[in-house]
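K.L.:
To be precise about what I am sending: the file is called my_file-v9.cif and holds mmCIF, C-alpha atoms.
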data_final
#
loop_
_atom_site.label_atom_id
_atom_site.label_comp_id
_atom_site.auth_asym_id
_atom_site.auth_seq_id
_atom_site.Cartn_x
_atom_site.Cartn_y
_atom_site.Cartn_z
CA MET A 242 0.00 0.00 0.00
CA LYS A 243 1.30 3.46 -0.85
CA ARG A 244 1.72 5.52 2.29
CA PHE A 245 3.01 8.98 3.19
CA TYR A 246 5.62 9.69 5.83
CA LEU A 247 7.62 12.63 7.12
CA THR A 248 11.09 11.62 8.18
CA PRO A 249 14.58 13.13 8.48
CA VAL A 250 17.35 11.98 6.18
CA ALA A 251 20.10 9.71 7.40
CA HIS A 252 23.43 8.86 5.84
CA GLU A 253 24.09 5.30 4.74
CA PRO A 254 27.86 4.76 4.99
CA THR A 255 27.86 1.78 2.61
CA ALA A 256 26.35 3.80 -0.22
CA VAL A 257 28.16 3.91 -3.54
CA VAL A 258 26.76 7.16 -4.91
CA SER A 259 25.12 9.53 -2.45
CA GLY A 260 24.14 7.92 0.81
CA TRP A 261 21.62 10.53 1.99
CA HIS A 262 18.17 8.98 2.08
CA PRO A 263 15.01 9.29 4.17
CA SER A 264 15.57 7.48 7.43
CA GLY A 265 14.13 3.97 7.23
CA PHE A 266 13.98 3.83 3.43
CA TRP A 267 17.44 2.55 2.54
CA GLY A 268 16.65 -0.26 0.11
CA ILE A 269 12.93 0.55 -0.05
CA PRO A 270 11.79 2.33 -3.23
CA TYR A 271 10.45 5.79 -2.47
CA SER A 272 9.68 9.22 -3.86
CA SER A 273 10.19 12.30 -1.74
CA MET A 274 10.06 16.07 -1.42
CA ARG A 275 12.73 17.98 0.49
CA TRP A 276 12.18 20.24 3.50
CA HIS A 277 15.23 22.40 3.92
CA GLY A 278 14.07 24.01 7.13
CA THR A 279 15.77 21.66 9.53
CA ASP A 280 19.16 20.06 9.91
CA PRO A 281 19.33 17.30 8.88
CA GLU A 282 16.74 17.97 6.25
CA THR A 283 13.36 16.26 6.38
CA ARG A 284 11.56 14.52 3.54
CA LEU A 285 7.91 14.02 2.71
CA VAL A 286 7.98 10.44 1.42
CA LEU A 287 5.52 8.37 -0.58
CA SER A 288 6.40 4.70 -0.67
CA ASP A 289 4.65 1.45 -1.54
CA VAL A 290 5.38 -0.58 1.60
CA THR A 291 4.14 -3.83 3.06
CA ASP A 292 2.39 -3.94 6.41
CA VAL A 293 5.54 -5.39 7.95
CA GLN A 294 7.68 -2.58 6.53
CA HIS A 295 5.09 -0.06 7.70
CA ALA A 296 5.24 -1.42 11.24
CA THR A 297 9.03 -1.16 11.21
CA LEU A 298 8.88 2.41 9.98
CA LEU A 299 6.38 3.43 12.65
CA ALA A 300 8.86 2.35 15.29
CA LEU A 301 11.36 4.98 14.14
CA PRO A 302 11.40 7.83 16.66
CA GLN A 303 11.59 10.74 14.21
CA LEU A 304 9.15 9.40 11.61
CA GLU A 305 5.60 10.71 11.28
CA TYR A 306 2.92 8.75 9.38
CA LEU A 307 0.73 10.96 7.18
CA GLY A 308 -1.81 8.47 5.87
CA ALA A 309 -2.30 6.13 2.92
CA LEU A 310 -2.79 7.23 -0.67
CA GLU A 311 -6.15 5.45 -0.86
CA ASP A 312 -7.34 7.28 2.28
CA LEU A 313 -6.54 10.81 1.14
CA ASP A 314 -10.17 11.88 0.98
CA ASN A 315 -11.16 10.35 4.29
CA PRO A 316 -11.69 12.68 7.25
CA ILE A 317 -8.86 12.61 9.73
CA ALA A 318 -9.86 10.48 12.70
CA GLY A 319 -9.81 12.06 16.16
CA PRO A 320 -6.64 10.42 17.51
CA ASP A 321 -4.77 11.32 14.34
CA VAL A 322 -5.53 15.02 14.72
CA ASN A 323 -3.35 15.50 17.79
CA ARG A 324 -0.73 13.10 16.45
CA LEU A 325 -0.41 15.04 13.20
CA ARG A 326 -0.40 18.39 14.97
CA GLY A 327 2.46 17.31 17.19
CA GLY A 328 4.34 15.49 14.47
CA LEU A 329 4.38 18.46 12.14
CA GLU A 330 5.21 21.00 14.83
CA ASN A 331 8.10 18.82 16.00
CA LYS A 332 9.62 19.34 12.56
CA THR A 333 9.01 23.10 12.67
CA ILE A 334 6.13 22.80 10.22
CA PRO A 335 2.84 24.43 11.30
CA GLY A 336 0.48 21.70 12.46
CA GLN A 337 -2.03 23.41 14.71
CA GLN A 338 -4.41 23.97 11.81
CA VAL A 339 -5.01 20.21 11.47
CA SER A 340 -8.59 19.43 12.46
CA ALA A 341 -11.12 16.61 12.25
CA ALA A 342 -12.87 18.59 9.53
CA MET A 343 -9.85 18.21 7.26
CA ARG A 344 -8.88 15.36 5.03
CA PHE A 345 -5.41 13.93 4.57
CA ARG A 346 -5.29 15.49 1.10
CA ASN A 347 -5.76 18.95 2.65
CA VAL A 348 -2.90 18.38 5.05
CA LEU A 349 -0.60 17.00 2.37
CA ARG A 350 -1.27 19.86 -0.04
CA ARG A 351 -0.65 22.46 2.66
CA LEU A 352 2.48 20.63 3.65
CA SER A 353 3.71 20.40 0.06
CA GLY A 354 3.08 24.13 -0.27
CA VAL A 355 5.22 24.96 2.75
CA LEU A 356 7.93 22.66 1.44
CA GLN A 357 7.85 24.33 -1.97
CA LEU A 358 8.06 27.78 -0.41
CA GLN A 359 11.11 26.68 1.56
CA GLN A 360 12.65 25.14 -1.55
CA ARG A 361 12.12 28.32 -3.54
CA VAL A 362 13.63 30.40 -0.73
CA TRP A 363 16.63 28.10 -0.78
CA GLY A 364 16.89 28.56 -4.53
CA ILE A 365 16.68 32.34 -4.24
CA ARG A 366 19.14 32.59 -1.37
CA GLY A 367 21.58 30.12 -2.81
CA LYS A 368 23.31 27.58 -0.67
CA PRO A 369 24.09 27.63 3.04
CA PRO A 370 25.50 29.19 5.24
CA TRP A 371 22.42 28.80 7.28
CA PRO A 372 20.27 30.23 8.74
CA GLU A 373 19.74 32.75 5.95
CA GLY A 374 17.68 30.26 3.98
CA ARG A 375 15.56 28.93 6.81
CA LEU A 376 11.99 29.96 7.52
CA VAL A 377 12.11 29.52 11.27
CA VAL A 378 13.64 31.95 13.70
CA PRO A 379 16.82 30.57 15.29
CA GLY A 380 16.05 29.61 18.87
CA ARG A 381 12.41 30.61 18.56
CA GLY A 382 11.08 28.17 16.00
CA LEU A 383 7.60 28.79 14.64
CA ALA A 384 6.78 31.18 17.51
CA GLY A 385 9.37 33.61 16.20
CA ARG A 386 8.05 36.67 14.44
CA LEU A 387 8.43 37.47 10.77
CA ASP A 388 10.62 40.46 11.58
CA GLU A 389 12.91 38.21 13.62
CA LEU A 390 13.85 36.20 10.56
CA PRO A 391 17.23 37.07 9.10
CA ALA A 392 16.51 39.86 6.63
CA PRO A 393 17.71 37.88 3.58
CA ALA A 394 15.36 35.02 4.45
CA GLU A 395 12.41 37.39 4.88
CA ALA A 396 13.12 39.05 1.56
CA ALA A 397 13.46 35.69 -0.15
CA LEU A 398 10.15 34.53 1.34
CA VAL A 399 8.39 37.60 -0.06
CA ARG A 400 9.88 36.90 -3.49
CA ALA A 401 8.94 33.23 -3.28
CA ALA A 402 5.34 34.11 -2.41
CA GLU A 403 5.27 36.51 -5.35
CA GLN A 404 6.59 33.85 -7.69
CA PHE A 405 3.90 31.41 -6.53
CA ARG A 406 1.31 34.17 -7.00
CA LEU A 407 0.09 33.88 -3.41
CA ASP A 408 -1.95 36.39 -1.44
CA ARG A 409 0.78 38.06 0.61
CA ALA A 410 -1.40 39.83 3.16
CA VAL A 411 0.02 37.75 5.98
CA LEU A 412 3.49 38.99 5.05
CA GLY A 413 2.37 42.56 5.62
CA ASN A 414 2.36 42.20 9.40
CA ALA A 415 5.87 42.08 10.78
CA ALA A 416 4.51 40.87 14.11
CA SER A 417 3.02 37.72 12.59
CA SER A 418 4.51 34.55 13.95
CA MET A 419 6.17 32.25 11.46
CA ARG A 420 3.45 29.75 12.31
CA GLN A 421 0.85 32.28 11.14
CA VAL A 422 2.90 33.18 8.07
CA LEU A 423 3.47 29.61 6.91
CA ASP A 424 -0.11 28.66 7.75
CA GLY A 425 -1.47 31.59 5.78
CA LEU A 426 0.69 30.88 2.77
CA GLY A 427 0.49 27.09 3.00
CA GLU A 428 -3.31 26.96 3.04
CA GLN A 429 -3.34 28.62 -0.38
CA PHE A 430 -1.85 25.42 -1.78
CA GLU A 431 -4.93 23.42 -0.79
CA SER A 432 -6.38 24.01 -4.24
CA ARG A 433 -3.13 23.18 -6.02
CA ARG A 434 -2.07 19.68 -6.95
CA PHE A 435 1.43 18.32 -6.67
CA THR A 436 3.05 15.19 -8.02
CA LEU A 437 4.91 12.49 -6.14
CA ASP A 438 5.72 8.91 -7.15
CA THR A 439 3.82 9.32 -10.44
CA GLU A 440 0.68 10.23 -8.45
CA TRP A 441 -1.12 13.58 -8.55
CA ILE A 442 -2.13 14.53 -5.03
CA MET B 280 5.29 32.03 -25.76
CA SER B 281 7.46 28.95 -25.84
CA GLU B 282 9.64 28.33 -28.87
CA GLN B 283 10.16 24.76 -29.97
CA ALA B 284 13.93 24.84 -29.45
CA VAL B 285 15.52 21.45 -29.89
CA ALA B 286 19.21 20.68 -29.49
CA THR B 287 20.65 17.33 -30.45
CA TYR B 288 24.09 15.77 -30.15
CA ASP B 289 25.23 12.31 -31.22
CA PHE B 290 28.72 12.31 -29.63
CA ALA B 291 30.19 11.19 -32.99
CA GLY B 292 33.94 10.62 -33.06
CA THR B 293 36.46 11.07 -30.29
CA GLY B 294 37.63 14.19 -28.50
CA ALA B 295 36.21 17.20 -26.75
CA LEU B 296 32.54 18.10 -26.94
CA SER B 297 31.48 20.80 -29.38
CA GLY B 298 31.42 24.45 -28.42
CA ASP B 299 27.70 24.29 -27.74
CA TRP B 300 28.51 22.51 -24.50
CA THR B 301 29.76 24.07 -21.27
CA THR B 302 31.67 21.72 -19.02
CA GLN B 303 30.33 21.58 -15.47
CA LEU B 304 31.69 18.72 -13.35
CA ASN B 305 34.98 17.03 -14.33
CA THR B 306 35.12 16.38 -18.09
CA LEU B 307 32.52 14.85 -20.37
CA SER B 308 34.04 14.07 -23.77
CA ARG B 309 33.48 11.90 -26.86
CA ALA B 310 34.95 8.44 -27.30
CA ASN B 311 34.13 6.12 -30.20
CA GLY B 312 30.87 7.90 -30.87
CA HIS B 313 29.65 7.94 -27.28
CA GLY B 314 29.73 10.33 -24.37
CA ASN B 315 32.65 9.48 -22.13
CA GLY B 316 33.06 10.01 -18.40
CA SER B 317 36.52 11.08 -17.29
CA THR B 318 36.59 10.01 -13.66
CA SER B 319 35.81 6.81 -11.80
CA SER B 320 33.04 7.13 -9.18
CA ARG B 321 32.55 10.78 -10.08
CA ASN B 322 30.29 12.90 -12.28
CA SER B 323 31.38 14.09 -15.70
CA THR B 324 28.76 16.56 -16.88
CA ALA B 325 28.07 19.41 -19.26
CA ASP B 326 25.20 21.73 -20.12
CA TRP B 327 24.10 22.61 -23.64
CA THR B 328 24.54 26.38 -23.71
CA GLY B 329 24.46 26.76 -27.49
CA ASP B 330 20.74 27.51 -27.22
CA SER B 331 18.58 29.19 -24.62
CA PHE B 332 15.94 27.01 -23.04
CA ASP B 333 12.61 27.94 -21.54
CA ASN B 334 12.17 27.17 -17.87
CA ASP B 335 9.97 24.20 -18.76
CA GLN B 336 12.25 21.83 -20.61
CA TYR B 337 13.30 18.25 -21.20
CA SER B 338 16.45 16.25 -21.74
CA PHE B 339 16.82 12.68 -22.95
CA ALA B 340 19.54 10.34 -24.14
CA GLU B 341 20.22 6.79 -25.15
CA CYS B 342 21.63 4.50 -22.50
CA TYR B 343 24.99 3.00 -23.31
CA GLY B 344 27.45 0.99 -21.27
CA LEU B 345 25.33 0.88 -18.14
CA SER B 346 27.03 -0.99 -15.32
CA SER B 347 25.79 -1.68 -11.80
CA TYR B 348 27.10 0.88 -9.30
CA THR B 349 29.92 1.63 -11.76
CA ARG B 350 28.52 3.63 -14.65
CA TYR B 351 25.30 5.65 -14.74
CA VAL B 352 23.82 7.75 -17.51
CA LEU B 353 22.88 11.28 -16.40
CA ILE B 354 20.36 13.56 -18.10
CA SER B 355 19.61 16.95 -16.62
CA VAL B 356 17.34 19.98 -16.74
CA ARG B 357 17.61 23.52 -15.33
CA GLY B 358 21.35 23.12 -15.02
CA ALA B 359 23.34 26.15 -13.95
CA THR B 360 26.92 26.98 -13.07
CA GLY B 361 28.34 24.24 -10.90
CA TRP B 362 25.64 21.93 -12.21
CA ASP B 363 22.84 22.76 -9.86
CA ALA B 364 20.28 20.66 -11.71
CA TYR B 365 17.50 18.11 -11.64
CA VAL B 366 18.90 14.85 -12.93
CA GLY B 367 17.54 11.51 -14.06
CA THR B 368 19.85 8.55 -13.74
CA THR B 369 20.13 4.79 -14.04
CA ASP B 370 22.85 2.18 -14.00
CA GLY B 371 20.45 -0.22 -15.67
CA VAL B 372 19.73 -2.40 -12.66
CA ALA B 373 16.29 -2.94 -11.18
CA GLY B 374 15.96 -2.77 -7.42
CA THR B 375 17.21 -0.39 -4.78
CA PRO B 376 19.12 1.36 -3.36
CA GLU B 377 20.67 3.92 -5.69
CA HIS B 378 20.28 2.28 -9.08
CA CYS B 379 17.70 4.59 -10.60
CA GLY B 380 15.86 7.76 -9.74
CA ILE B 381 15.65 11.53 -9.80
CA LEU B 382 18.47 13.41 -8.11
CA GLU B 383 19.07 16.99 -7.12
CA TYR B 384 22.51 18.49 -7.51
CA ASN B 385 23.26 21.58 -5.44
CA SER B 386 26.83 22.87 -5.34
CA VAL B 387 28.27 19.38 -5.18
CA GLY B 388 31.60 20.18 -6.86
CA ASP B 389 33.75 17.82 -8.89
CA SER B 390 34.06 15.26 -6.11
CA GLY B 391 30.50 15.41 -4.77
CA ASP B 392 27.27 13.71 -5.68
CA GLY B 393 23.65 14.61 -6.05
CA VAL B 394 20.94 13.56 -3.64
CA PHE B 395 18.43 10.89 -4.56
CA VAL B 396 15.00 12.49 -4.24
CA THR B 397 13.36 9.41 -5.68
CA ASP B 398 14.92 5.95 -5.53
CA ILE B 399 12.92 3.54 -7.66
CA ASN B 400 12.85 -0.09 -8.71
CA GLN B 401 13.16 0.30 -12.48
CA ASP B 402 15.40 -1.51 -14.93
CA PHE B 403 16.91 0.11 -18.03
CA ASN B 404 18.84 -1.51 -20.86
CA ASP B 405 21.46 -0.18 -23.25
CA THR B 406 19.66 1.45 -26.22
CA ASP B 407 16.69 2.43 -24.01
CA LEU B 408 16.03 6.16 -23.82
CA ILE B 409 15.84 7.95 -20.47
CA LYS B 410 14.14 11.33 -20.28
CA ILE B 411 13.65 13.94 -17.58
CA VAL B 412 11.01 16.65 -17.88
CA VAL B 413 10.52 19.68 -15.66
CA GLU B 414 7.34 21.73 -15.91
CA GLY B 415 6.70 24.29 -13.20
CA THR B 416 7.60 22.48 -10.01
CA SER B 417 6.84 18.99 -11.35
CA ILE B 418 9.74 16.77 -12.33
CA SER B 419 9.18 13.46 -14.09
CA MET B 420 11.37 10.74 -15.53
CA TYR B 421 10.43 8.46 -18.43
CA ARG B 422 11.72 5.36 -20.19
CA SER B 423 11.30 4.52 -23.85
CA THR B 424 12.17 1.08 -25.23
CA ASP B 425 11.28 1.93 -28.84
CA GLY B 426 13.62 4.76 -29.65
CA GLY B 427 11.30 7.47 -28.40
CA ALA B 428 8.25 6.51 -30.45
CA SER B 429 6.38 6.12 -27.17
CA TRP B 430 7.18 7.18 -23.64
CA GLY B 431 4.18 6.01 -21.68
CA SER B 432 3.59 7.14 -18.10
CA PRO B 433 6.43 8.47 -15.98
CA VAL B 434 8.46 5.91 -14.10
CA SER B 435 9.12 8.46 -11.37
CA SER B 436 7.92 11.91 -10.38
CA THR B 437 8.45 14.45 -7.67
CA THR B 438 7.87 18.11 -6.87
CA ASP B 439 10.59 20.64 -6.15
CA ALA B 440 10.71 24.42 -6.38
CA THR B 441 14.37 25.14 -5.75
CA LEU B 442 15.56 25.57 -9.33
CA THR B 443 13.59 27.80 -11.67
CA ALA B 444 15.78 28.12 -14.77
CA GLY B 445 18.86 26.78 -16.52
CA ASP B 446 19.99 24.57 -19.37
CA ALA B 447 19.40 21.00 -20.42
CA GLY B 448 22.45 18.80 -20.07
CA ALA B 449 24.01 15.38 -19.93
CA GLY B 450 26.68 13.36 -18.22
CA VAL B 451 28.10 10.09 -17.04
CA TRP B 452 28.73 8.96 -13.48
CA GLY B 453 31.84 6.79 -13.52
CA SER B 454 34.53 6.48 -16.16
CA GLY B 455 34.12 5.28 -19.72
CA GLU B 456 31.54 5.44 -22.48
CA GLY B 457 28.12 5.83 -20.91
CA ILE B 458 25.71 7.91 -22.99
CA ASP B 459 24.67 8.42 -26.60
CA ASN B 460 22.30 10.43 -28.82
CA TRP B 461 21.28 13.26 -26.50
CA GLU B 462 18.45 15.71 -27.08
CA GLY B 463 17.26 18.68 -25.07
CA GLY B 464 14.47 21.11 -25.70
CA ASN B 465 11.57 23.19 -24.53
CA ILE B 466 8.21 21.79 -23.57
CA VAL B 467 5.69 23.12 -26.00
CA SER B 468 2.15 23.27 -24.67
CA GLY B 469 -0.76 21.92 -26.65
CA ILE B 470 -2.08 25.44 -27.10
CA ALA B 471 1.25 26.63 -28.49
CA LEU B 472 1.38 23.70 -30.89
CA LEU B 473 -2.18 24.37 -32.05
CA ARG B 474 -1.40 28.06 -32.58
CA ARG B 475 1.71 27.16 -34.57
CA ARG B 476 -0.28 24.81 -36.78
CA ILE B 477 -2.96 27.40 -37.36
CA GLU B 478 -0.37 30.06 -38.15
CA GLY B 479 1.30 27.63 -40.53
CA CYS B 480 -1.87 27.08 -42.53
#
Can the structure in the file be given as C-alpha cells, please?

P.N.:
Amino acid sequence: MKRFYLTPVAHEPTAVVSGWHPSGFWGIPYSSMRWHGTDPETRLVLSDVTDVQHATLLALPQLEYLGALEDLDNPIAGPDVNRLRGGLENKTIPGQQVSAAMRFRNVLRRLSGVLQLQQRVWGIRGKPPWPEGRLVVPGRGLAGRLDELPAPAEAALVRAAEQFRLDRAVLGNAASSMRQVLDGLGEQFESRRFTLDTEWI
Amino acid sequence: MSEQAVATYDFAGTGALSGDWTTQLNTLSRANGHGNGSTSSRNSTADWTGDSFDNDQYSFAECYGLSSYTRYVLISVRGATGWDAYVGTTDGVAGTPEHCGILEYNSVGDSGDGVFVTDINQDFNDTDLIKIVVEGTSISMYRSTDGGASWGSPVSSTTDATLTAGDAGAGVWGSGEGIDNWEGGNIVSGIALLRRRIEGC
C-alpha cells in the first residue's frame, strides 16, 4: 500500500553514490520532497510498503505517518488530529491547523506548499550558510516573528510568495509569527495539486 | 510564448565536446561515438549552452554501457553553473538502493554527488532512452524502449521548487563510455502547438 511519511534523512555509509536517504527507506523504493528548514533535512515520502515494513517504519522515533494514498479523501480520525499536529510541529512545520474537519489530502497539499516555499527560498538565497535560507527563527522556532527572521530570508520569502502568486497579506504584518505566516501561505496550496511517485495529489 | 527549441548531439567521433557545451563537473568528452566520463566514481557533466531554453524543458539520451554501481547515464534539466540541476539517472539495474531515480545536484563540486530524491525499482537496458522533464515544479522521468516513439507514463515523479531556470544537459557517473544520442528542448504546450499549426496554414 502506498503511504506517506515525514522523516529526516540519514546517511548510509555503505552507499556507492550519495548515501543521503530518508531514514528507514534505505533499500525501499520511495519518492520524496525535500524540506530544507531543519538540519538534517526532512523529507515528505511516498512509498509502496508492506504492512511489515510499515510497522518497522512506525517504530522509528523521528518518523511521522501521514496516511495512505487510498485514504486521502477520508476525514482525519480524532486520535490522528493531535498526532499530526504534534508530528508536524516537531519538525518546525505548522500543524495546529489540522482538524477533524480536514482530510489527509488537505494536510498534504498544505504541507507540500510549505515545502515548496522553503525550496524556492533556498533557490533564491543560494546555498548555506544557514540560517539565511531557513523559515524559522533561530532559537524561537515557529513562535518567532516574521521580523525576527534574518533579513535575507524574509526578503526571499516575499519573493517566493510573489513567484507562486500567493496572497501576501500575511506577510504585511511584521509581528506575525512564522506559524501564522506559513499557515497563511500554505493553506493557499490546498487548491493546487502536486506530483509524487507518479501520483497527482 | 514557448519556442520549440531542440538541441541534439550524437557524440560522434572522439575528442572534446562541441562548443555548444559548457563543461560543469569534471570532463565529459566523446569516445568512439559515445559520451565518455573522465573520472571513476565521479560525475562528468556538461550543459548545452548553445541555445537558450525555456524554464519548462526536457532532456533525454540513449543509455549505453550501463554498469551496476559503476557507470550511470545522467540527463539533466535547469542546469546552472556548478551543475545545480535536476537529474535523471540509471545504472540499468532494477531494485534499490541507488540504481535509478531523480536526483538533485546543489553545489556538489567535482568530487561530490547529487541527492536521490526518488529511488525507484526500475530496470533500463542499453539502447533504451531515459528522459527527464521539468514543468513548473513537477519533475518526471520516463523510459522509452522503442527509440522514443512512445514514452508512456512516468516511471518516477516528484515536486521541487528550488531551481527555476537553466539549461538541459548530460553526463556520465563513472569512467568510460556511458551515454549516446542526447536531445534537449523546450516543452511546447498543446495550445502553443495548435497556434503554430494554425499560423502555418

K.L.:
Near B:Trp452, counting all atoms listed in the file, which residues have an atom at most 10 Å away, once you skip same-chain residues fewer than 4 positions from it, shown as a list of chain:residue names?

P.N.:
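That gives A:Val258, B:Leu307, B:Asn315, B:Gly316, B:Ser317, B:Thr318, B:Ser319, B:Ser320, B:Arg321, B:Asn322, B:Ser323, B:Thr324, B:Leu345, B:Tyr348, B:Thr349, B:Arg350, B:Tyr351, B:Val352, B:Leu353, B:Thr368, B:Thr369, B:Asp370, B:Asp392, B:Gly457.
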
K.L.:
Define the interface residues of chain B facing chain A as those within 9 Å, counting only C-alpha atoms, and report them as a PyMOL selection string.

P.N.:
chain B and resi 320-321+348-349+374-377+380-381+385-386+391-400+416-419+432-443+452

K.L.:
For a quick check of your reading of the model, name the residues lying within 12 Å of the coordinate (-2.5, 15.1, 17.7), counting all atoms listed in the file, and write them as an MDAnalysis selection string.

P.N.:
chainID A and resid 305:307 317:331 336:341

K.L.:
I need the residue nearest A:Arg344 from this list: A:Arg400, A:Glu431, A:Leu407, A:Lys332. Use all atoms listed in the file for the distance.

P.N.:
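Smallest distance to A:Arg344 is found for A:Glu431.
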
K.L.:
Name the residues in contact with A:Thr279 at a cut-off of 9 Å, using all atoms listed in the file, excluding same-chain residues fewer than 4 positions from it; report them as a ChimeraX atom specification.

P.N.:
/A:249,283,332-333,375,377

K.L.:
Report the distance between atom CA of B:His378 and atom CA of B:Trp300 in Å, rounded to one decimal place.

P.N.:
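Result for atom CA of B:His378 versus atom CA of B:Trp300: 26.7 Å, one decimal.
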
K.L.:
So what do you get for atom CA of B:Asp333 versus atom CA of B:Ala444, distance-wise?

P.N.:
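Distance reported for this atom pair: 7.5 Å.
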
K.L.:
What gap, in Å, lies between atom CA of B:Phe332 and atom CA of B:Asp289?

P.N.:
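Result for atom CA of B:Phe332 versus atom CA of B:Asp289: 19.2 Å, one decimal.
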
K.L.:
Using the file's own x, y and z axes, what box holds all listed atoms of stretch 403-418 of chain B with 5 Å on each side, keeping edges along x, y and z, and what are its centre and edge lengths in Å to one decimal, as AutoDock Vina command-line options?

P.N.:
--center_x 14.1 --center_y 11.4 --center_z -18.1 --size_x 24.8 --size_y 35.8 --size_z 26.2
